[in-house]
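Engineer: To start, I am sharing the structure in question, which I have written as structure tokens.
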Amino acid sequence: MAEKQHLLTVQDLRTYFYTRVGVVKAVDGVSFHLDAGEALGMVGESGCGKSVTCHSIVRLLPPAGSHIVGGKILFEGDDLVQKKEREMKRWRGKQIGMILQDPLVSLNPVHTIERQVGEAIRLDNRRQNKGFIRQKVIAMLERVMIPSAKLRLSQYPFQFSGGMRQRVLAAISLARQPKLIIADEPTTALDVTIQDQFLRLLKELQRQYGLALLLVTHDLGLVAETCDRVAVMYAGRIVETGSVEKVFDDPAHPYTRALMMALPELETKKKRLYQIQGEPPSLLNPPSGCSFSPRCSEVMEICRKEYPPSMPTEAGGVAACWLWANRSD
Amino acid sequence: MSETPSYRGVWPTIKRLPLLPALLLMPILLFGTLGPLFYSHDPVAMNPAHSMQPPYLFGGQASYFLGTDHLGRDVYSKIVEGARASLVVAVTGVLLAGVLGIFLGMVAGYFGGWIDEVIMRIVDIQMSIPAILLTILISAALGGGLITITICVALVFWTQYARIIRGETLSIKEREFVLLARMAGCGTGRMFVRHIMPNLVSTSTVVATLQLGRAIIIEASITFLGLGIQPPKTAWGLMMAEGRMYLSTAWWLPAFAGFAIVITVLGANMMGDWIRDRLDPKLKQL
Amino acid sequence: MLGLLTLIGVSIIIFVAVRLSGDPVLLLVSADASQEEIQRVKVELGLDKPIPIQYLIFMKNSVKGDFGRSTRYHRPALELVLNRLPATIQLALLAFLVSVGLGITIGVISVTRKGSWLDFSGKTFAMLGQAMPEFWIGIMAMLIFSVKLGWLPTSGRGGLTHLILPSLTLGWFSAASIMRLTRSSMLQVMGSEYIKTARLKGNPEWVVVWRHALRNALIPVIAMGGIQLGRLLGGAVIVESIFGWPGLGQLILDGIYSRDYSIVQTGVFVTSTFFILLNLATDMTYGIIDPRIRYE
């Protein structure tokens with residue numbers, strides 16, 4: 001029986017970086033899917049490959065030395081991995097929008113805000129005059145809650161605060177009404193007080209536009225608040241997926257469990273925060289077998305020899321762990 | 001699907017060594033220092049009987065490989081002999097410029113205030129006069145010759161040193177070890193010698209090597225105009241000036257001297273780039 | 001204003017240098033002139049007074065527009081200099097356009113086709129260009145295009161054909177420098193996050209390169225442009241000498257050979273003034289291109 005087609009299906013994506021010292025397997029077999037109206041949170045430590053996955057989807061990897069060496073990225077059925085660079089502009093902006101991490105450097109310093117947002121709008125409204133575009137820009141800026149939008153049109157990015165710049169980026173990514181928005185750590189560079197505001201805005205816009213949202217972050221709290229499903233990444237692979245409620249409540253994978261234990265709680269008075277012992281593995285020379293095995297408290301013999309398969313869990317997703325594989329047999 | 005790129009192995013390592021620049025610089029270094037060993041004919045002796053011979057490959061004699069000039073002198077020998085003049089002027093000139101520029105730049109950056117203002121104002125003023133015009137003026141003032149042109153080179157290039165070294169000194173000045181030394185009561189002279197100058201070495205070296213090529217060009221240009229090294233001394237610029245009059249009949253007179261200049265400057269520039277990439281890539285804007 | 005101070009400083013340097021270069025009087029009188037004769041000429045030229053006084057007189061006169069008379073042509077120096085200035089400006093301007101146009105274009109092509117043979121040729125052009133002094137290019141170009149091929153004239157000022165060789169010769173070196181800077185600046189800019197944003201909007205590649213990247217990459221290139229103008233003004237002397245271009249550079253050079261103080265002084269002074277003005281213009285261009293500077 002054929003499955004209903006997802007908006008975005010990533011199958012076994014592999015993105016490697018070729019450096020002077022060796023091959024870095026930044027993304028080594030990542031699979032997940034996303035539907036319209038859904039919010040998927042992608043979490044993991046720094047360097048686990050979340051950002052590279054996002055850049056791979058829109059094919060914005062740095063040109064020198066990095067390549068998608070395998071897998072498929074199916075957007076409404078089209079495999080983006082097979083598309084040539086000059087074809088990609090059909091999907092970027094119009095179908096898939098992306099909010100980059102650092103608002104400080106993500107906006108062109110020598111163009112006005114009107115021009116930057118207007119450029120995106122103009123790509124869909126080529127024959128319209130300046131006045132028409134301007135109205136749309138103002139509408140867009142107001143949508144992302146930028147006060148006195150009209151006055152700010154002729155200003156430059158350096159005249160905006162960090163939070164406002166991030167909203168401008170959100171406006172730019174939504175301007176062409178794409179079906180999917182990827183937010184790559186959108187709040188990491190913001191003050192804590194502004195983070196909340198921005199995420200609520202994002203959630204509201206998702207609801208308004210009926211978007212699919214892929215939220216990449218290392219902050220589990222954000223995922224809990226904003227997302228329907230979660231995918232946990234470790235060392236270039238996804239170790240667990242599922243609904244946010246169930247995964248947070250009863251994680252299947254030891255790594256996810258360790259992450260939950262490391263979350264500071266307000267209720268119980270713990271003296272020390274839990275720390276996962278050991279360090280993330282080098283992606284140059286990943287250990288054989290399960291990549292989490294050196295740090296896993298429940299490691300078994302087989303974990304060191306073979307990488308576990310992804311088996312379905314009760315949370316509606318999958319987990320890649322020998323414990324789980326044995327359980328479901 | 002994107003292709004897997006292949007590794008290059010040995011090639012990157014070889015590429016890292018500055019082989020090509022070294023090769024290009026070899027002639028001027030050898031000729032400049034060991035000159036007379038390399039030629040068989042006296043570059044100065046006039047030999048009217050053999051004048052205006054074309055190069056060997058164009059119908060001339062083997063013993064006059066690159067031809068002879070209007071006075072019968074062997075072009076190849078003259079090129080070897082002329083290397084010394086250019087080498088001496090460029091190296092000495094840049095060194096002198098360095099001494100002056102580093103000193104003034106350091107002083108300006110360290111003390112700041114009116115000293116900085118005055119020195120930088122002088123730099124600005126001098127840089128408002130195009131280099132060649134300045135050299136023309138000075139060589140006219142002091143008369144031509146090797147020493148004059150060396151002084152000219154020094155005076156042209158010290159300003160660039162001063163600006164860059166001043167910038168470097170400004171940032172070094174704020175570093176912790178300098179503040180600590182000052183708190184420990186370190187005197188100014190000692191401060192310069194033991195703390196600041198050692199940190200200026202790499203930048204100074206980069207600037208010096210990048211300027212060598214330009215120095216050779218300026219020296220050759222001024223000599224070409226007749227205001228630099230004077231006859232009967234042998235110099236590449238002179239060969240080109242003399243040869244210019246015979247362009248239609250004896251093209252080899254200016255051509256080979258010119259090649260010598262270009263190859264040398266090319267080698268100096270490439271070497272300068274290589275040194276800069278290894279020591280201080282921030283200076284890429286030069 | 002600072003520019004004025006600089007001008008005064010420049011004039012002092014020129015004045016001192018020229019005065020040191022020897023006595024013009026001896027060139028003007030016949031070989032066996034008497035002492036009184038020499039003294040008379042000296043007084044006539046005002047050379048009997050001490051140098052600082054001479055300078056003050058010079059400054060006083062120059063404000064009135066009197067820069068002295070050429071001892072060779074017997075006409076006011078300023079008039080002669082201004083007569084020749086347009087020719088040099090024409091040459092330098094054309095050379096500048098050549099170097100900017102060629103340099104930026106090759107630089108951008110080199111970046112967008114990084115790694116290809118176009119990139120390699122571009123980089124080679126830059127390396128060679130910076131190694132070739134103006135007089136060599138001039139002579140070689142003359143050799144190939146005028147002497148051997150006979151396509152272009154060797155000297156003089158006239159129609160378009162007379163302009164080609166001199167301006168290309170003069171602009172070559174600058175083109176190479178500008179190309180290198182454009183290339184490295186573009187490479188740096190192309191790796192920026194905001195370029196990613198530009199792509200993420202769905203812009204075609206050429207828009208990303210020309211509308212977004214180049215505008216930012218040109219900022220340091222403008223600074224270099226200012227420096228290059230200075231080099232062009234200096235290099236004009238040599239190019240004019242080789243191609244017989246009747247410009248200011250050649251006038252100054254002749255002045256040096258014939259010890260014509262006024263001409264040399266005035267010529268170098270006017271050139272420097274021009275250069276200073278051009279630098280001011282460059283600074284203003286900065287403000288147009290980079291809004292961050294405007295608001296400081």
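Ordered as shown in the structure tokens, chains take letters A, B, and onward, while each chain numbers its residues from 1 and ligands are numbered from 1 in the order shown.
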Please provide as a ChimeraX atom specification all residues within 10 Å of region 44-53 of chain B, with the sequence filter that same-chain residues fewer than 2 positions apart are discarded (counting only C-alpha atoms).

Structural biologist: /B:41-42,55-56,58-61,64-75,77-78,81,232-234,246,249-250,252-253

Engineer: Excluding Ser310 (chain A) and its own-chain neighbours fewer than 6 positions away, which residues fall within 7 Å of it when counting only C-alpha atoms? Please give them as a list in words.

Structural biologist: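 These residues fall inside the cut-off: Val318, Ala319 and Ala320 of chain A.
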
Engineer: Determine, counting only C-alpha atoms, which protein, DNA and RNA residues have an atom within 10 Å of an atom of Tyr286 (chain C); residues of the same chain fewer than 3 positions away are not included. Present the result as an mmCIF file with N, CA and C atoms, in the first residue's frame.

Structural biologist:
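Ended up saving to out26.cif:
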```
data_model
loop_
_atom_site.group_PDB
_atom_site.id
_atom_site.type_symbol
_atom_site.label_atom_id
_atom_site.label_comp_id
_atom_site.auth_asym_id
_atom_site.auth_seq_id
_atom_site.Cartn_x
_atom_site.Cartn_y
_atom_site.Cartn_z
ATOM 1 N N LEU C 218 33.487 45.718 -3.381
ATOM 2 C CA LEU C 218 34.190 46.858 -3.963
ATOM 3 C C LEU C 218 34.692 47.858 -2.940
ATOM 4 N N ILE C 219 34.240 47.727 -1.700
ATOM 5 C CA ILE C 219 34.624 48.735 -0.710
ATOM 6 C C ILE C 219 36.137 48.877 -0.576
ATOM 7 N N PRO C 220 36.864 47.801 -0.358
ATOM 8 C CA PRO C 220 38.322 47.980 -0.310
ATOM 9 C C PRO C 220 38.925 48.335 -1.661
ATOM 10 N N ILE C 222 37.808 50.446 -3.756
ATOM 11 C CA ILE C 222 37.778 51.902 -3.938
ATOM 12 C C ILE C 222 38.988 52.543 -3.290
ATOM 13 N N ALA C 223 39.322 52.049 -2.096
ATOM 14 C CA ALA C 223 40.511 52.589 -1.431
ATOM 15 C C ALA C 223 41.726 52.387 -2.308
ATOM 16 N N ALA C 281 37.737 63.028 -3.399
ATOM 17 C CA ALA C 281 36.607 62.466 -4.126
ATOM 18 C C ALA C 281 36.434 60.993 -3.794
ATOM 19 N N THR C 282 37.555 60.290 -3.670
ATOM 20 C CA THR C 282 37.495 58.875 -3.318
ATOM 21 C C THR C 282 36.837 58.689 -1.955
ATOM 22 N N ASP C 283 37.224 59.537 -1.007
ATOM 23 C CA ASP C 283 36.636 59.425 0.320
ATOM 24 C C ASP C 283 35.133 59.608 0.261
ATOM 25 N N ILE C 289 28.915 54.299 -1.238
ATOM 26 C CA ILE C 289 28.838 52.845 -1.369
ATOM 27 C C ILE C 289 28.510 52.171 -0.046
ATOM 28 N N ASP C 290 29.097 52.649 1.049
ATOM 29 C CA ASP C 290 28.913 51.966 2.315
ATOM 30 C C ASP C 290 28.137 52.848 3.288
ATOM 31 N N PRO C 291 26.864 52.551 3.481
ATOM 32 C CA PRO C 291 26.034 53.424 4.315
ATOM 33 C C PRO C 291 26.483 53.493 5.761
ATOM 34 N N ARG C 292 27.212 52.495 6.215
ATOM 35 C CA ARG C 292 27.644 52.524 7.603
ATOM 36 C C ARG C 292 28.553 53.708 7.876
ATOM 37 N N ILE C 293 29.313 54.105 6.861
ATOM 38 C CA ILE C 293 30.226 55.226 7.029
ATOM 39 C C ILE C 293 29.450 56.530 7.048
ATOM 40 N N ARG C 294 28.417 56.593 6.271
ATOM 41 C CA ARG C 294 27.615 57.810 6.192
ATOM 42 C C ARG C 294 27.056 58.220 7.542
#
```

Engineer: Got a sec: who's within 8 Å of Ser155 (chain C), counting only C-alpha atoms, leaving out chain neighbours fewer than 6 positions off, as a PyMOL selection string?

Structural biologist: chain C and resi 162+242-245

Engineer: Please list as a VMD selection string every residue within 9 Å of Ala131 (chain B), counting only C-alpha atoms and excluding residues in the same chain fewer than 3 positions away.

Structural biologist: (chain B and resid 126 to 128 134 to 136 156 to 157 218) or (chain C and resid 230 to 231 234 to 235)

Engineer: So the first atom is CA of Gly202 (chain C) and the second is CA of Gly29 (chain A); what is the distance between them in Å, to one decimal place?

Structural biologist: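 Computing the Euclidean distance for CA of Gly202 (chain C) and CA of Gly29 (chain A) yields 27.6 Å.
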
Engineer: Name all residues at most 8 Å from region 40-49 of chain A (count only C-alpha atoms; drop same-chain ones fewer than 3 positions away) and give them as a PyMOL selection string.

Structural biologist: chain A and resi 26-27+34+52-53+213-220+223+227-237

Engineer: Calculated over only C-alpha atoms, which of the candidates C:Leu165, C:Leu277, C:Ile12, C:Met132 has the smallest distance to chain B?

Structural biologist: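 Checking each of C:Leu165, C:Leu277, C:Ile12, C:Met132 against chain B, counting only C-alpha atoms, the winner is C:Met132.
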
Engineer: Neighbours of Gly237 (chain B) within 9 Å (only C-alpha atoms; same-chain residues fewer than 5 positions away dropped), as a ChimeraX atom specification?

Structural biologist: /B:82,219-226,228-229,242,254,257-258,261

Engineer: Provide the CA of Trp274 (chain B) to CA of Thr205 (chain B) distance in Å, to one decimal place.

Structural biologist: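 A separation of 11.6 Å between them.
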
Engineer: Counting only C-alpha atoms, collect the residues of chain A whose closest atom lies at most 10 Å from chain C, and write them out as a ChimeraX atom specification.

Structural biologist: /A:55,58-63,85-112,116-117,119-121,123,155-159,169,172-176

Engineer: Which residues of chain A are close to chain B, meaning at most 10 Å apart when you count only C-alpha atoms, and how do they look as number ranges by chain?

Structural biologist: A: 16, 18-20, 22, 65-72, 80-84

Engineer: Using only C-alpha atoms, please write the residues we just selected to a file, as an mmCIF file, in the first residue's frame.

Structural biologist:
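File part-v8.cif, as written:
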```cif
data_model
loop_
_atom_site.group_PDB
_atom_site.id
_atom_site.type_symbol
_atom_site.label_atom_id
_atom_site.label_comp_id
_atom_site.auth_asym_id
_atom_site.auth_seq_id
_atom_site.Cartn_x
_atom_site.Cartn_y
_atom_site.Cartn_z
ATOM 1 C CA TYR A 16 30.629 14.405 3.642
ATOM 2 C CA TYR A 18 36.606 16.372 2.197
ATOM 3 C CA THR A 19 39.421 18.003 4.107
ATOM 4 C CA ARG A 20 43.190 17.821 4.044
ATOM 5 C CA GLY A 22 40.497 13.226 5.956
ATOM 6 C CA GLY A 65 35.116 20.220 -0.400
ATOM 7 C CA SER A 66 31.601 19.277 0.709
ATOM 8 C CA HIS A 67 29.305 17.001 -1.208
ATOM 9 C CA ILE A 68 26.056 15.174 -0.829
ATOM 10 C CA VAL A 69 27.305 11.699 -1.507
ATOM 11 C CA GLY A 70 24.125 9.745 -1.106
ATOM 12 C CA GLY A 71 20.453 9.685 -0.265
ATOM 13 C CA LYS A 72 17.361 11.508 -1.425
ATOM 14 C CA LEU A 80 16.467 17.924 -4.741
ATOM 15 C CA VAL A 81 19.768 16.063 -4.611
ATOM 16 C CA GLN A 82 19.552 15.424 -8.329
ATOM 17 C CA LYS A 83 18.778 18.994 -9.283
ATOM 18 C CA LYS A 84 21.441 21.178 -10.814
#
```

Engineer: Do you have the CA of Phe120 (chain C)-CA of Ser167 (chain C) distance handy?

Structural biologist: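 Taking CA of Phe120 (chain C) as the start and CA of Ser167 (chain C) as the end point, the length is 25.2 Å.
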
Engineer: With only C-alpha atoms considered, list every residue of chain B at most 9 Å from chain C, as a PyMOL selection string.

Structural biologist: chain B and resi 121-122+124-134+136-143+213-214+217-218+220-222+224-225+240+244+247-248+251+254-255+258-259+261-270+284-286

Engineer: Write out as a VMD selection string all residues of region 36-234 of chain B that DSSP puts in helix (DSSP H, G or I) for this structure's backbone.

Structural biologist: chain B and resid 36 to 37 48 to 50 56 to 58 75 to 111 113 to 127 131 to 142 146 to 173 176 to 183 188 to 224
